[in-house]
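Okay, work11.cif now, which holds mmCIF, C-alpha atoms (C1' of nucleotides):
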```cif
data_input
loop_
_atom_site.label_atom_id
_atom_site.label_comp_id
_atom_site.auth_asym_id
_atom_site.auth_seq_id
_atom_site.Cartn_x
_atom_site.Cartn_y
_atom_site.Cartn_z
CA MET A 156 -17.88 10.21 22.87
CA ALA A 157 -17.39 12.33 19.81
CA ARG A 158 -18.92 10.92 16.66
CA GLN A 159 -16.34 9.65 14.28
CA SER A 160 -16.98 12.39 11.78
CA GLU A 161 -16.01 14.93 14.36
CA THR A 162 -12.53 13.66 14.96
CA GLU A 163 -11.25 11.76 11.96
CA LYS A 164 -9.09 13.44 9.39
CA SER A 165 -10.27 14.14 5.91
CA LEU A 166 -9.74 11.22 3.56
CA CYS A 167 -10.42 13.27 0.46
CA ASN A 168 -7.55 12.96 -1.98
CA CYS A 169 -8.51 16.20 -3.64
CA THR A 170 -8.56 18.13 -0.41
CA ALA A 171 -5.20 16.65 0.55
CA LEU A 172 -3.76 17.79 -2.75
CA ARG A 173 -5.18 21.27 -2.45
CA LYS A 174 -3.87 21.71 1.07
CA ALA A 175 -0.40 20.57 0.11
CA THR A 176 -0.43 22.78 -2.95
CA ARG A 177 -1.35 25.82 -0.88
CA ARG A 178 1.48 25.17 1.54
CA VAL A 179 4.13 24.37 -1.04
CA SER A 180 3.10 27.22 -3.31
CA GLN A 181 3.43 29.60 -0.41
CA LEU A 182 6.95 28.33 0.27
CA TYR A 183 8.07 28.48 -3.36
CA ASP A 184 6.39 31.81 -4.03
CA SER A 185 8.04 33.22 -0.96
CA ALA A 186 11.39 32.02 -2.23
CA LEU A 187 10.79 33.45 -5.69
CA GLU A 188 9.52 36.74 -4.36
CA PRO A 189 12.77 38.68 -4.96
CA CYS A 190 12.45 38.13 -8.70
CA GLY A 191 8.81 39.10 -8.87
CA LEU A 192 7.55 35.83 -10.33
CA ARG A 193 5.06 33.41 -8.85
CA THR A 194 5.49 29.67 -9.23
CA THR A 195 2.70 29.56 -11.77
CA GLN A 196 4.26 32.32 -13.83
CA ARG A 197 7.66 30.70 -13.75
CA SER A 198 6.17 27.37 -14.75
CA ILE A 199 4.58 29.03 -17.76
CA LEU A 200 7.80 30.71 -18.86
CA MET A 201 9.71 27.45 -18.38
CA GLN A 202 7.18 25.48 -20.38
CA ILE A 203 7.48 27.90 -23.28
CA ALA A 204 11.26 27.63 -23.07
CA ARG A 205 11.07 23.85 -23.06
CA SER A 206 8.87 23.89 -26.12
CA GLY A 207 11.82 25.17 -28.09
CA ARG A 208 9.53 27.37 -30.16
CA PRO A 209 6.57 29.66 -29.47
CA PRO A 210 3.77 27.16 -28.78
CA PRO A 211 0.15 27.86 -29.65
CA LEU A 212 -1.90 28.79 -26.62
CA GLY A 213 -3.86 25.57 -26.66
CA GLU A 214 -0.79 23.41 -26.67
CA LEU A 215 0.70 25.44 -23.85
CA ALA A 216 -2.49 25.11 -21.83
CA GLU A 217 -2.52 21.38 -22.33
CA ALA A 218 1.11 21.03 -21.27
CA LEU A 219 0.33 22.98 -18.13
CA VAL A 220 -2.87 21.02 -17.45
CA MET A 221 -4.72 24.29 -17.49
CA ASP A 222 -7.91 25.57 -19.03
CA ARG A 223 -7.36 27.66 -22.18
CA GLY A 224 -9.41 30.53 -20.90
CA ALA A 225 -7.63 30.45 -17.57
CA LEU A 226 -4.30 30.55 -19.34
CA THR A 227 -5.38 33.52 -21.41
CA HIS A 228 -6.08 35.37 -18.19
CA THR A 229 -2.90 34.23 -16.50
CA LEU A 230 -0.79 35.37 -19.43
CA LYS A 231 -2.01 38.95 -19.08
CA PRO A 232 0.39 40.00 -16.30
CA LEU A 233 3.31 38.37 -18.12
CA GLN A 234 2.35 40.13 -21.31
CA ARG A 235 1.95 43.43 -19.50
CA ASP A 236 5.44 43.04 -18.04
CA ARG A 237 6.82 42.25 -21.51
CA LEU A 238 8.08 38.82 -20.49
CA ILE A 239 6.13 37.19 -23.29
CA GLU A 240 4.63 38.20 -26.61
CA ILE A 241 1.54 36.80 -28.24
CA ARG A 242 1.54 36.63 -32.01
CA ILE A 243 -0.93 35.40 -34.57
CA ASP A 244 0.29 32.29 -36.33
CA PRO A 245 0.62 33.20 -40.02
CA GLU A 246 0.14 29.53 -40.89
CA ASP A 247 -3.25 29.39 -39.18
CA ARG A 248 -4.58 32.72 -38.10
CA ARG A 249 -6.72 31.11 -35.38
CA ASN A 250 -3.62 30.19 -33.42
CA ARG A 251 -1.92 32.46 -30.93
CA LEU A 252 1.77 31.74 -30.52
CA VAL A 253 3.16 32.52 -27.10
CA ALA A 254 6.77 33.65 -27.33
CA LEU A 255 9.36 34.54 -24.73
CA THR A 256 10.89 37.99 -25.05
CA ALA A 257 14.52 38.73 -24.23
CA ALA A 258 13.29 40.09 -20.92
CA GLY A 259 11.42 36.85 -20.38
CA ARG A 260 14.54 34.76 -20.86
CA LYS A 261 16.46 37.04 -18.57
CA LYS A 262 13.76 36.73 -15.93
CA ILE A 263 13.92 32.96 -16.13
CA ALA A 264 17.66 33.08 -15.56
CA GLU A 265 17.19 35.49 -12.69
CA SER A 266 14.58 33.27 -11.07
CA THR A 267 16.48 30.02 -11.41
CA ALA A 268 18.84 30.52 -8.48
CA LEU A 269 15.87 31.33 -6.26
CA TRP A 270 13.92 28.34 -7.54
CA LYS A 271 16.87 26.04 -6.89
CA ARG A 272 16.94 27.14 -3.29
CA ALA A 273 13.27 26.38 -2.84
CA GLN A 274 13.61 23.09 -4.65
CA ALA A 275 16.56 22.19 -2.45
CA GLY A 276 14.52 23.07 0.62
CA PHE A 277 11.79 20.71 -0.53
CA GLU A 278 14.14 17.88 -1.35
CA THR A 279 16.00 18.24 1.91
CA ALA A 280 12.78 18.18 3.87
CA PHE A 281 11.05 15.47 1.89
CA GLY A 282 13.96 13.45 0.55
CA VAL A 283 15.40 13.41 -2.95
CA ALA A 284 14.17 9.94 -3.81
CA LYS A 285 10.75 10.46 -2.26
CA SER A 286 10.44 13.75 -4.14
CA ALA A 287 11.13 12.04 -7.43
CA ALA A 288 8.61 9.34 -6.54
CA LEU A 289 6.05 11.95 -5.63
CA ARG A 290 6.54 13.79 -8.92
CA GLU A 291 6.13 10.51 -10.75
CA ALA A 292 2.92 9.75 -8.89
CA LEU A 293 1.58 13.22 -9.63
CA GLU A 294 2.51 12.86 -13.27
CA PHE A 295 0.44 9.74 -13.48
CA VAL A 296 -2.50 11.50 -11.87
CA VAL A 297 -2.27 14.06 -14.62
CA SER A 298 -2.11 11.49 -17.41
CA GLU A 299 -4.86 10.45 -19.77
CA ASP A 300 -4.68 6.93 -18.39
CA PHE A 301 -5.56 8.15 -14.94
CA VAL A 302 -8.43 10.29 -16.14
CA ALA A 303 -9.80 7.43 -18.21
CA ALA A 304 -9.63 5.03 -15.28
CA PHE A 305 -11.18 7.63 -12.99
CA ASN A 306 -14.11 8.18 -15.30
CA ARG A 307 -14.59 4.52 -16.08
CA ARG A 308 -15.29 3.97 -12.41
CA SER A 309 -17.33 7.01 -11.61
CA ASP A 310 -19.23 6.93 -14.88
CA ALA A 311 -21.39 4.32 -13.20
CA LYS A 312 -23.55 7.39 -13.02
CA HIS A 313 -27.03 7.58 -14.35
CA ALA A 314 -26.04 8.28 -17.94
CA MET B 11 20.32 18.35 -31.04
CA ALA B 12 17.81 20.08 -28.85
CA ARG B 13 19.26 21.62 -25.75
CA GLN B 14 18.34 19.72 -22.65
CA SER B 15 16.14 22.50 -21.37
CA GLU B 16 14.00 22.19 -24.45
CA THR B 17 13.05 18.59 -23.97
CA GLU B 18 13.29 17.60 -20.32
CA LYS B 19 10.23 17.61 -18.14
CA SER B 20 9.79 20.02 -15.32
CA LEU B 21 11.38 18.82 -12.10
CA CYS B 22 9.65 21.44 -9.99
CA ASN B 23 7.80 19.79 -7.13
CA CYS B 24 5.53 22.77 -6.77
CA THR B 25 4.57 22.80 -10.43
CA ALA B 26 3.90 19.06 -10.29
CA LEU B 27 1.60 19.59 -7.33
CA ARG B 28 -0.25 22.44 -8.96
CA LYS B 29 -0.80 20.51 -12.17
CA ALA B 30 -2.11 17.49 -10.34
CA THR B 31 -4.35 19.65 -8.20
CA ARG B 32 -5.85 21.31 -11.25
CA ARG B 33 -6.63 17.97 -12.84
CA VAL B 34 -7.99 16.30 -9.74
CA SER B 35 -10.00 19.34 -8.70
CA GLN B 36 -11.59 19.40 -12.12
CA LEU B 37 -12.57 15.76 -11.75
CA TYR B 38 -13.95 16.11 -8.24
CA ASP B 39 -15.69 19.40 -8.96
CA SER B 40 -17.26 17.87 -11.99
CA ALA B 41 -18.53 14.99 -9.88
CA LEU B 42 -19.87 17.34 -7.21
CA GLU B 43 -21.49 19.63 -9.72
CA PRO B 44 -25.05 18.29 -9.24
CA CYS B 45 -25.04 19.45 -5.62
CA GLY B 46 -23.67 22.89 -6.38
CA LEU B 47 -20.59 22.63 -4.18
CA ARG B 48 -16.95 22.84 -5.20
CA THR B 49 -14.33 20.65 -3.57
CA THR B 50 -13.00 23.61 -1.63
CA GLN B 51 -16.43 24.49 -0.33
CA ARG B 52 -17.17 20.93 0.67
CA SER B 53 -13.84 20.65 2.42
CA ILE B 54 -14.70 23.76 4.43
CA LEU B 55 -18.10 22.47 5.46
CA MET B 56 -16.60 19.09 6.37
CA GLN B 57 -13.88 20.68 8.44
CA ILE B 58 -16.44 22.64 10.42
CA ALA B 59 -18.44 19.45 10.94
CA ARG B 60 -15.34 17.60 12.10
CA SER B 61 -14.59 20.36 14.59
CA GLY B 62 -17.66 19.34 16.47
CA ARG B 63 -18.39 22.96 17.36
CA PRO B 64 -18.31 26.26 15.48
CA PRO B 65 -14.59 26.95 15.19
CA PRO B 66 -13.13 30.43 15.17
CA LEU B 67 -12.15 31.56 11.70
CA GLY B 68 -8.45 31.44 12.44
CA GLU B 69 -8.56 27.88 13.66
CA LEU B 70 -10.57 26.86 10.61
CA ALA B 71 -8.09 28.55 8.31
CA GLU B 72 -5.20 26.77 9.96
CA ALA B 73 -6.91 23.40 9.71
CA LEU B 74 -7.46 24.04 6.02
CA VAL B 75 -3.91 25.30 5.48
CA MET B 76 -5.40 28.48 4.16
CA ASP B 77 -4.76 32.18 4.65
CA ARG B 78 -7.26 33.86 7.00
CA GLY B 79 -8.07 36.56 4.53
CA ALA B 80 -8.52 34.03 1.77
CA LEU B 81 -10.87 32.05 3.95
CA THR B 82 -12.90 35.14 4.77
CA HIS B 83 -13.41 35.64 1.04
CA THR B 84 -14.13 31.99 0.35
CA LEU B 85 -16.77 31.87 3.07
CA LYS B 86 -18.81 34.59 1.40
CA PRO B 87 -20.61 32.36 -1.12
CA LEU B 88 -21.35 29.79 1.58
CA GLN B 89 -22.69 32.50 3.83
CA ARG B 90 -24.75 33.98 1.02
CA ASP B 91 -26.28 30.56 0.37
CA ARG B 92 -27.04 30.16 4.09
CA LEU B 93 -24.93 27.03 4.44
CA ILE B 94 -22.95 28.61 7.24
CA GLU B 95 -23.40 31.40 9.75
CA ILE B 96 -20.73 33.62 11.21
CA ARG B 97 -21.23 34.76 14.77
CA ILE B 98 -19.23 36.86 17.13
CA ASP B 99 -17.82 34.84 19.99
CA PRO B 100 -19.35 36.23 23.17
CA GLU B 101 -16.33 34.96 25.10
CA ASP B 102 -13.93 37.00 22.99
CA ARG B 103 -15.56 39.44 20.67
CA ARG B 104 -12.58 39.41 18.33
CA ASN B 105 -13.36 35.86 17.30
CA ARG B 106 -15.72 34.91 14.54
CA LEU B 107 -17.27 31.49 15.01
CA VAL B 108 -18.14 29.70 11.80
CA ALA B 109 -21.22 27.52 12.24
CA LEU B 110 -23.03 25.12 9.95
CA THR B 111 -26.70 25.84 9.41
CA ALA B 112 -29.30 23.10 9.00
CA ALA B 113 -29.09 23.73 5.27
CA GLY B 114 -25.34 23.32 5.50
CA ARG B 115 -25.63 19.93 7.13
CA LYS B 116 -28.19 18.89 4.58
CA LYS B 117 -25.91 20.01 1.78
CA ILE B 118 -23.06 17.95 3.19
CA ALA B 119 -25.29 14.89 3.26
CA GLU B 120 -26.43 15.61 -0.27
CA SER B 121 -22.87 15.96 -1.51
CA THR B 122 -21.49 12.88 0.16
CA ALA B 123 -22.79 10.34 -2.33
CA LEU B 124 -21.29 12.40 -5.16
CA TRP B 125 -18.01 12.76 -3.33
CA LYS B 126 -17.84 9.03 -2.70
CA ARG B 127 -18.15 8.39 -6.41
CA ALA B 128 -15.30 10.74 -7.20
CA GLN B 129 -13.20 9.33 -4.40
CA ALA B 130 -13.89 5.81 -5.66
CA GLY B 131 -12.86 6.90 -9.14
CA PHE B 132 -9.56 8.18 -7.78
CA GLU B 133 -8.88 5.10 -5.71
CA THR B 134 -9.72 2.79 -8.56
CA ALA B 135 -7.43 4.66 -10.91
CA PHE B 136 -4.59 5.22 -8.48
CA GLY B 137 -4.95 2.31 -6.10
CA VAL B 138 -6.34 2.28 -2.59
CA ALA B 139 -3.02 1.69 -0.86
CA LYS B 140 -1.17 4.17 -3.05
CA SER B 141 -3.88 6.74 -2.41
CA ALA B 142 -3.47 6.34 1.33
CA ALA B 143 0.29 6.62 0.95
CA LEU B 144 -0.11 9.73 -1.16
CA ARG B 145 -2.37 11.36 1.40
CA GLU B 146 0.15 10.55 4.08
CA ALA B 147 2.96 12.08 2.06
CA LEU B 148 0.90 15.19 1.43
CA GLU B 149 0.02 15.42 5.10
CA PHE B 150 3.68 15.48 5.94
CA VAL B 151 4.30 18.21 3.39
CA VAL B 152 1.70 20.25 5.18
CA SER B 153 3.17 19.67 8.63
CA GLU B 154 5.23 22.05 10.69
CA ASP B 155 8.12 19.61 10.59
CA PHE B 156 8.25 19.83 6.83
CA VAL B 157 8.07 23.60 6.79
CA ALA B 158 10.78 23.85 9.42
CA ALA B 159 13.05 21.52 7.47
CA PHE B 160 12.30 23.36 4.25
CA ASN B 161 13.24 26.70 5.73
CA ARG B 162 16.28 25.42 7.57
CA ARG B 163 17.75 24.50 4.22
CA SER B 164 16.67 27.45 2.14
CA ASP B 165 17.30 29.95 4.90
CA ALA B 166 20.89 29.86 3.78
CA LYS B 167 19.70 33.12 2.32
CA HIS B 168 21.34 36.42 2.93
CA ALA B 169 19.56 37.13 6.21
"C1'" DG C 151 -7.79 52.49 34.79
"C1'" DA C 152 -5.26 54.44 30.59
"C1'" DC C 153 -1.55 53.07 27.16
"C1'" DG C 154 1.04 50.16 24.24
"C1'" DA C 155 1.56 45.51 22.47
"C1'" DT C 156 -0.93 41.55 20.83
"C1'" DT C 157 -4.50 39.07 18.64
"C1'" DA C 158 -8.34 38.13 15.38
"C1'" DC C 159 -10.50 39.82 11.54
"C1'" DT C 160 -11.97 42.52 7.45
"C1'" DT C 161 -10.95 44.84 3.18
"C1'" DG C 162 -8.77 46.01 -1.07
"C1'" DC C 163 -5.91 44.62 -4.64
"C1'" DA C 164 -3.76 41.21 -7.66
"C1'" DT C 165 -3.17 36.73 -9.51
"C1'" DA C 166 -5.07 31.90 -10.40
"C1'" DT C 167 -8.62 29.04 -12.45
"C1'" DG C 168 -12.76 27.05 -14.67
"C1'" DC C 169 -16.89 27.34 -17.51
"C1'" DA C 170 -20.14 28.94 -20.82
"C1'" DC C 171 -20.84 31.72 -24.62
"C1'" DA C 172 -19.53 34.79 -28.36
"C1'" DC C 173 -16.07 35.27 -32.37
"C1'" DA C 174 -12.94 34.48 -35.98
"C1'" DT C 175 -10.78 31.26 -39.06
"C1'" DA C 176 -10.40 26.92 -41.42
"C1'" DT C 177 -12.34 22.79 -43.54
"C1'" DC C 178 -15.31 20.15 -46.12
"C1'" DA C 179 -19.19 18.30 -48.53
"C1'" DT C 180 -22.14 19.49 -52.33
"C1'" DA D 90 -18.42 29.31 -54.31
"C1'" DT D 91 -21.37 28.42 -49.96
"C1'" DG D 92 -23.21 27.07 -46.01
"C1'" DA D 93 -22.54 23.64 -42.10
"C1'" DT D 94 -18.86 22.18 -39.04
"C1'" DA D 95 -14.95 22.05 -36.55
"C1'" DT D 96 -11.20 24.43 -34.25
"C1'" DG D 97 -8.69 27.90 -31.51
"C1'" DT D 98 -9.43 31.87 -28.79
"C1'" DG D 99 -11.21 35.81 -26.23
"C1'" DT D 100 -14.50 37.54 -22.65
"C1'" DG D 101 -17.40 37.91 -18.70
"C1'" DC D 102 -18.56 36.04 -14.47
"C1'" DA D 103 -17.67 33.48 -10.24
"C1'" DT D 104 -14.76 31.27 -7.02
"C1'" DA D 105 -9.99 30.49 -4.97
"C1'" DT D 106 -5.96 32.44 -2.73
"C1'" DG D 107 -2.31 35.38 -0.70
"C1'" DC D 108 -0.55 39.67 1.21
"C1'" DA D 109 -0.57 44.17 3.19
"C1'" DA D 110 -2.82 47.71 5.61
"C1'" DG D 111 -6.52 49.10 8.59
"C1'" DT D 112 -9.83 48.13 12.59
"C1'" DA D 113 -11.66 46.17 16.72
"C1'" DA D 114 -11.12 43.78 21.08
"C1'" DT D 115 -8.03 41.91 24.76
"C1'" DC D 116 -4.21 41.87 27.81
"C1'" DG D 117 -0.49 43.11 30.62
"C1'" DT D 118 1.53 46.72 33.21
"C1'" DC D 119 2.47 50.75 35.85
#
```
With the file now loaded, output its structure as structure tokens.
Amino acid sequence: MARQSETEKSLCNCTALRKATRRVSQLYDSALEPCGLRTTQRSILMQIARSGRPPPLGELAEALVMDRGALTHTLKPLQRDRLIEIRIDPEDRRNRLVALTAAGRKKIAESTALWKRAQAGFETAFGVAKSAALREALEFVVSEDFVAAFNRRSDAKHA
Amino acid sequence: MARQSETEKSLCNCTALRKATRRVSQLYDSALEPCGLRTTQRSILMQIARSGRPPPLGELAEALVMDRGALTHTLKPLQRDRLIEIRIDPEDRRNRLVALTAAGRKKIAESTALWKRAQAGFETAFGVAKSAALREALEFVVSEDFVAAFNRRSDAKHA
DNA sequence: GACGATTACTTGCATATGCACACATATCAT
DNA sequence: ATGATATGTGTGCATATGCAAGTAATCGTC
């Protein structure tokens, strides 16, 4: 008797992603808790480390698929805890270079064992191969190609 | 010459999810912008509608894979804008029943055309079948089975 | 029928994010 | 040089979330 809308599950891809992210973030954050880092914070520190040099804020934001302003805010706690340092680029004084401190590197090391446990939990539960496939799918969603295709379709707006 | 950690991509499933969610949320929110709802807000209204009756806050939070406290906060703007109403359950005065108002239903209707465009953009870019598969994968990640399996593995803690 | 345990929320505090607007610095055409 | 532009950030405001501690209402039990 119930109308369809009252019983069917949500088909929204965005909602599905947000739900899953809430759940998984809770699990990873819980695992990381002993080291005092959140997943987001660790991902920022790791991205800086992977850059091999202190990246300008904009580049870091882009790598993290994050708004510049949002990143500025998010860096505050890390800066306060002396895990990172923000310097003005002498080459171009508009740039802010985000650098890991010694404490930052140490914190990464400290968090890695905890992260591995969470990651192992995920891969055990979801499957190693399926996890890799999922990451690949999500990477595509984040790519320029995806965004372009998305907009090409929905730009059938009223522009 | 670069150390591996400086060049390899992140393998963190949680980070991958968060990145993708940021991107996709931006796209959907942008599409929904004309109606004044965010994806999260729309997903809340839709979940209430699907319930078929005003659900207690806790049940709503669970359906949305969201913390109760977080949901309480998130409902504030919707309540302020009179899209929902929160009533005390006469059957059990501890419960808060979250009900759609007429304006809420109207807002859902208003947002649906916009949502469909965003959803179509996603499905065009990612593929209809792959989208369905992705949602299914994400649904599993959200399930109790997944959480149980995740914890079984990572509970090799020091408890 | 009062007391302790349980359940359902609310609040306060902190981080996570995005957007629009204000600022500073760099570039470039004239 | 100089003003118009372009670029890279910082800030303020609003929503999104989670957790811990406090509060209210219910229940089970003696």
At a cut-off of 12 Å, list the chain A residues touching chain C, using only C-alpha atoms (C1' of nucleotides), as a PDB file with C-alpha atoms, in the coordinates of the input.
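Result file follows (selection.pdb):
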```
ATOM      1  CA  ARG A 177      -1.350  25.820  -0.880  1.00  0.00           C
ATOM      2  CA  SER A 180       3.100  27.220  -3.310  1.00  0.00           C
ATOM      3  CA  LEU A 192       7.550  35.830 -10.330  1.00  0.00           C
ATOM      4  CA  ARG A 193       5.060  33.410  -8.850  1.00  0.00           C
ATOM      5  CA  THR A 194       5.490  29.670  -9.230  1.00  0.00           C
ATOM      6  CA  THR A 195       2.700  29.560 -11.770  1.00  0.00           C
ATOM      7  CA  GLN A 196       4.260  32.320 -13.830  1.00  0.00           C
ATOM      8  CA  ALA A 216      -2.490  25.110 -21.830  1.00  0.00           C
ATOM      9  CA  VAL A 220      -2.870  21.020 -17.450  1.00  0.00           C
ATOM     10  CA  MET A 221      -4.720  24.290 -17.490  1.00  0.00           C
ATOM     11  CA  ASP A 222      -7.910  25.570 -19.030  1.00  0.00           C
ATOM     12  CA  ARG A 223      -7.360  27.660 -22.180  1.00  0.00           C
ATOM     13  CA  GLY A 224      -9.410  30.530 -20.900  1.00  0.00           C
ATOM     14  CA  ALA A 225      -7.630  30.450 -17.570  1.00  0.00           C
ATOM     15  CA  LEU A 226      -4.300  30.550 -19.340  1.00  0.00           C
ATOM     16  CA  THR A 227      -5.380  33.520 -21.410  1.00  0.00           C
ATOM     17  CA  HIS A 228      -6.080  35.370 -18.190  1.00  0.00           C
ATOM     18  CA  THR A 229      -2.900  34.230 -16.500  1.00  0.00           C
ATOM     19  CA  LEU A 230      -0.790  35.370 -19.430  1.00  0.00           C
ATOM     20  CA  LYS A 231      -2.010  38.950 -19.080  1.00  0.00           C
ATOM     21  CA  PRO A 232       0.390  40.000 -16.300  1.00  0.00           C
ATOM     22  CA  LEU A 233       3.310  38.370 -18.120  1.00  0.00           C
ATOM     23  CA  ILE A 243      -0.930  35.400 -34.570  1.00  0.00           C
ATOM     24  CA  ASP A 244       0.290  32.290 -36.330  1.00  0.00           C
ATOM     25  CA  PRO A 245       0.620  33.200 -40.020  1.00  0.00           C
ATOM     26  CA  GLU A 246       0.140  29.530 -40.890  1.00  0.00           C
ATOM     27  CA  ASP A 247      -3.250  29.390 -39.180  1.00  0.00           C
ATOM     28  CA  ARG A 248      -4.580  32.720 -38.100  1.00  0.00           C
ATOM     29  CA  ARG A 249      -6.720  31.110 -35.380  1.00  0.00           C
ATOM     30  CA  ASN A 250      -3.620  30.190 -33.420  1.00  0.00           C
TER      31      ASN A 250
END
```
Would you list which chain B residues are within 6 Å of chain A using all atoms listed in the file, as JSON, numbers by chain? {"B": [15, 16, 17, 27, 29, 30, 31, 60, 61, 62, 75, 127, 131, 132, 135, 148, 152, 156, 159, 160, 163, 164]}
Could the residues in this selection be written to a file with C-alpha atoms, as a CSV table (one decimal), in the coordinates of the input?
```csv
chain,number,residue,atom,x,y,z
B,15,SER,CA,16.1,22.5,-21.4
B,16,GLU,CA,14.0,22.2,-24.4
B,17,THR,CA,13.0,18.6,-24.0
B,27,LEU,CA,1.6,19.6,-7.3
B,29,LYS,CA,-0.8,20.5,-12.2
B,30,ALA,CA,-2.1,17.5,-10.3
B,31,THR,CA,-4.4,19.6,-8.2
B,60,ARG,CA,-15.3,17.6,12.1
B,61,SER,CA,-14.6,20.4,14.6
B,62,GLY,CA,-17.7,19.3,16.5
B,75,VAL,CA,-3.9,25.3,5.5
B,127,ARG,CA,-18.2,8.4,-6.4
B,131,GLY,CA,-12.9,6.9,-9.1
B,132,PHE,CA,-9.6,8.2,-7.8
B,135,ALA,CA,-7.4,4.7,-10.9
B,148,LEU,CA,0.9,15.2,1.4
B,152,VAL,CA,1.7,20.2,5.2
B,156,PHE,CA,8.2,19.8,6.8
B,159,ALA,CA,13.0,21.5,7.5
B,160,PHE,CA,12.3,23.4,4.2
B,163,ARG,CA,17.8,24.5,4.2
B,164,SER,CA,16.7,27.4,2.1
```
Kindly compute an axis-aligned box around the listed atoms of range 162-173 of chain C, allowing 6 Å on each side, and express its centre and edge lengths in Å to one decimal as AutoDock Vina command-line options.
```
--center_x -12.0 --center_y 36.5 --center_z -16.7 --size_x 29.7 --size_y 31.0 --size_z 43.3
```
For a test of reading the model, state the distance in Å between CA of Val283 in chain A and C1' of DT106 in chain D, rounded to one decimal.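 One can read the CA of Val283 in chain A to C1' of DT106 in chain D distance as 28.6 Å.
Selection by the PyMOL selection byres ((chain B and resi 116-119) around 9) on the present file picks out B:Cys45, B:Gly46, B:Leu47, B:Arg52, B:Leu55, B:Met56, B:Leu93, B:Thr111, B:Ala112, B:Ala113, B:Gly114, B:Arg115, B:Glu120, B:Ser121, B:Thr122, B:Ala123.
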Near chain B, which residues of chain D fall within 8 Å when you count all atoms listed in the file, and what do they look like as a list in words?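 Result, ordered by chain then number: DT104, DA105, DT106, DG107, DA113, DA114 and DT115 of chain D.
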Work out how far apart CA of Arg251 in chain A and CA of Leu215 in chain A are and give it in Å to one decimal. 10.3 Å
Please compute the CA of Glu188 in chain A-CA of Gly282 in chain A distance, one decimal, in Å.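 Here the two named atoms are 24.2 Å from each other.
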All residues 7 Å or closer to Val108 in chain B, all atoms listed in the file, same chain fewer than 2 positions away omitted, as a PyMOL selection string: chain B and resi 64-67+94-97+106+110
For range 278-288 of chain A in the structure I just supplied, write out N, CA, C and O atoms - as a PDB file, in the first residue's frame.
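Full text of out38.pdb as output:
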```
ATOM      1  N   GLU A 278      40.198  -3.584   4.343  1.00  0.00           N
ATOM      2  CA  GLU A 278      40.495  -4.517   3.247  1.00  0.00           C
ATOM      3  C   GLU A 278      40.035  -5.937   3.572  1.00  0.00           C
ATOM      4  O   GLU A 278      39.638  -6.687   2.677  1.00  0.00           O
ATOM      5  N   THR A 279      40.080  -6.280   4.838  1.00  0.00           N
ATOM      6  CA  THR A 279      39.576  -7.593   5.226  1.00  0.00           C
ATOM      7  C   THR A 279      38.066  -7.650   5.025  1.00  0.00           C
ATOM      8  O   THR A 279      37.522  -8.627   4.508  1.00  0.00           O
ATOM      9  N   ALA A 280      37.407  -6.589   5.424  1.00  0.00           N
ATOM     10  CA  ALA A 280      35.948  -6.565   5.351  1.00  0.00           C
ATOM     11  C   ALA A 280      35.444  -6.404   3.921  1.00  0.00           C
ATOM     12  O   ALA A 280      34.411  -6.967   3.547  1.00  0.00           O
ATOM     13  N   PHE A 281      36.179  -5.638   3.137  1.00  0.00           N
ATOM     14  CA  PHE A 281      35.684  -5.308   1.803  1.00  0.00           C
ATOM     15  C   PHE A 281      36.396  -6.081   0.703  1.00  0.00           C
ATOM     16  O   PHE A 281      35.897  -6.177  -0.421  1.00  0.00           O
ATOM     17  N   GLY A 282      37.546  -6.623   1.018  1.00  0.00           N
ATOM     18  CA  GLY A 282      38.312  -7.345   0.008  1.00  0.00           C
ATOM     19  C   GLY A 282      39.416  -6.470  -0.549  1.00  0.00           C
ATOM     20  O   GLY A 282      39.193  -5.303  -0.844  1.00  0.00           O
ATOM     21  N   VAL A 283      40.598  -7.048  -0.689  1.00  0.00           N
ATOM     22  CA  VAL A 283      41.750  -6.271  -1.157  1.00  0.00           C
ATOM     23  C   VAL A 283      41.531  -5.782  -2.589  1.00  0.00           C
ATOM     24  O   VAL A 283      41.720  -4.604  -2.903  1.00  0.00           O
ATOM     25  N   ALA A 284      41.114  -6.696  -3.444  1.00  0.00           N
ATOM     26  CA  ALA A 284      40.925  -6.337  -4.848  1.00  0.00           C
ATOM     27  C   ALA A 284      39.789  -5.332  -5.001  1.00  0.00           C
ATOM     28  O   ALA A 284      39.908  -4.338  -5.722  1.00  0.00           O
ATOM     29  N   LYS A 285      38.689  -5.598  -4.299  1.00  0.00           N
ATOM     30  CA  LYS A 285      37.550  -4.686  -4.406  1.00  0.00           C
ATOM     31  C   LYS A 285      37.907  -3.312  -3.850  1.00  0.00           C
ATOM     32  O   LYS A 285      37.429  -2.289  -4.348  1.00  0.00           O
ATOM     33  N   SER A 286      38.755  -3.291  -2.823  1.00  0.00           N
ATOM     34  CA  SER A 286      39.178  -2.003  -2.263  1.00  0.00           C
ATOM     35  C   SER A 286      39.959  -1.206  -3.293  1.00  0.00           C
ATOM     36  O   SER A 286      39.747  -0.002  -3.467  1.00  0.00           O
ATOM     37  N   ALA A 287      40.862  -1.896  -3.967  1.00  0.00           N
ATOM     38  CA  ALA A 287      41.669  -1.223  -4.987  1.00  0.00           C
ATOM     39  C   ALA A 287      40.769  -0.702  -6.099  1.00  0.00           C
ATOM     40  O   ALA A 287      40.937   0.416  -6.598  1.00  0.00           O
ATOM     41  N   ALA A 288      39.783  -1.528  -6.468  1.00  0.00           N
ATOM     42  CA  ALA A 288      38.852  -1.123  -7.526  1.00  0.00           C
ATOM     43  C   ALA A 288      38.033   0.083  -7.080  1.00  0.00           C
ATOM     44  O   ALA A 288      37.795   1.014  -7.853  1.00  0.00           O
TER      45      ALA A 288
END
```
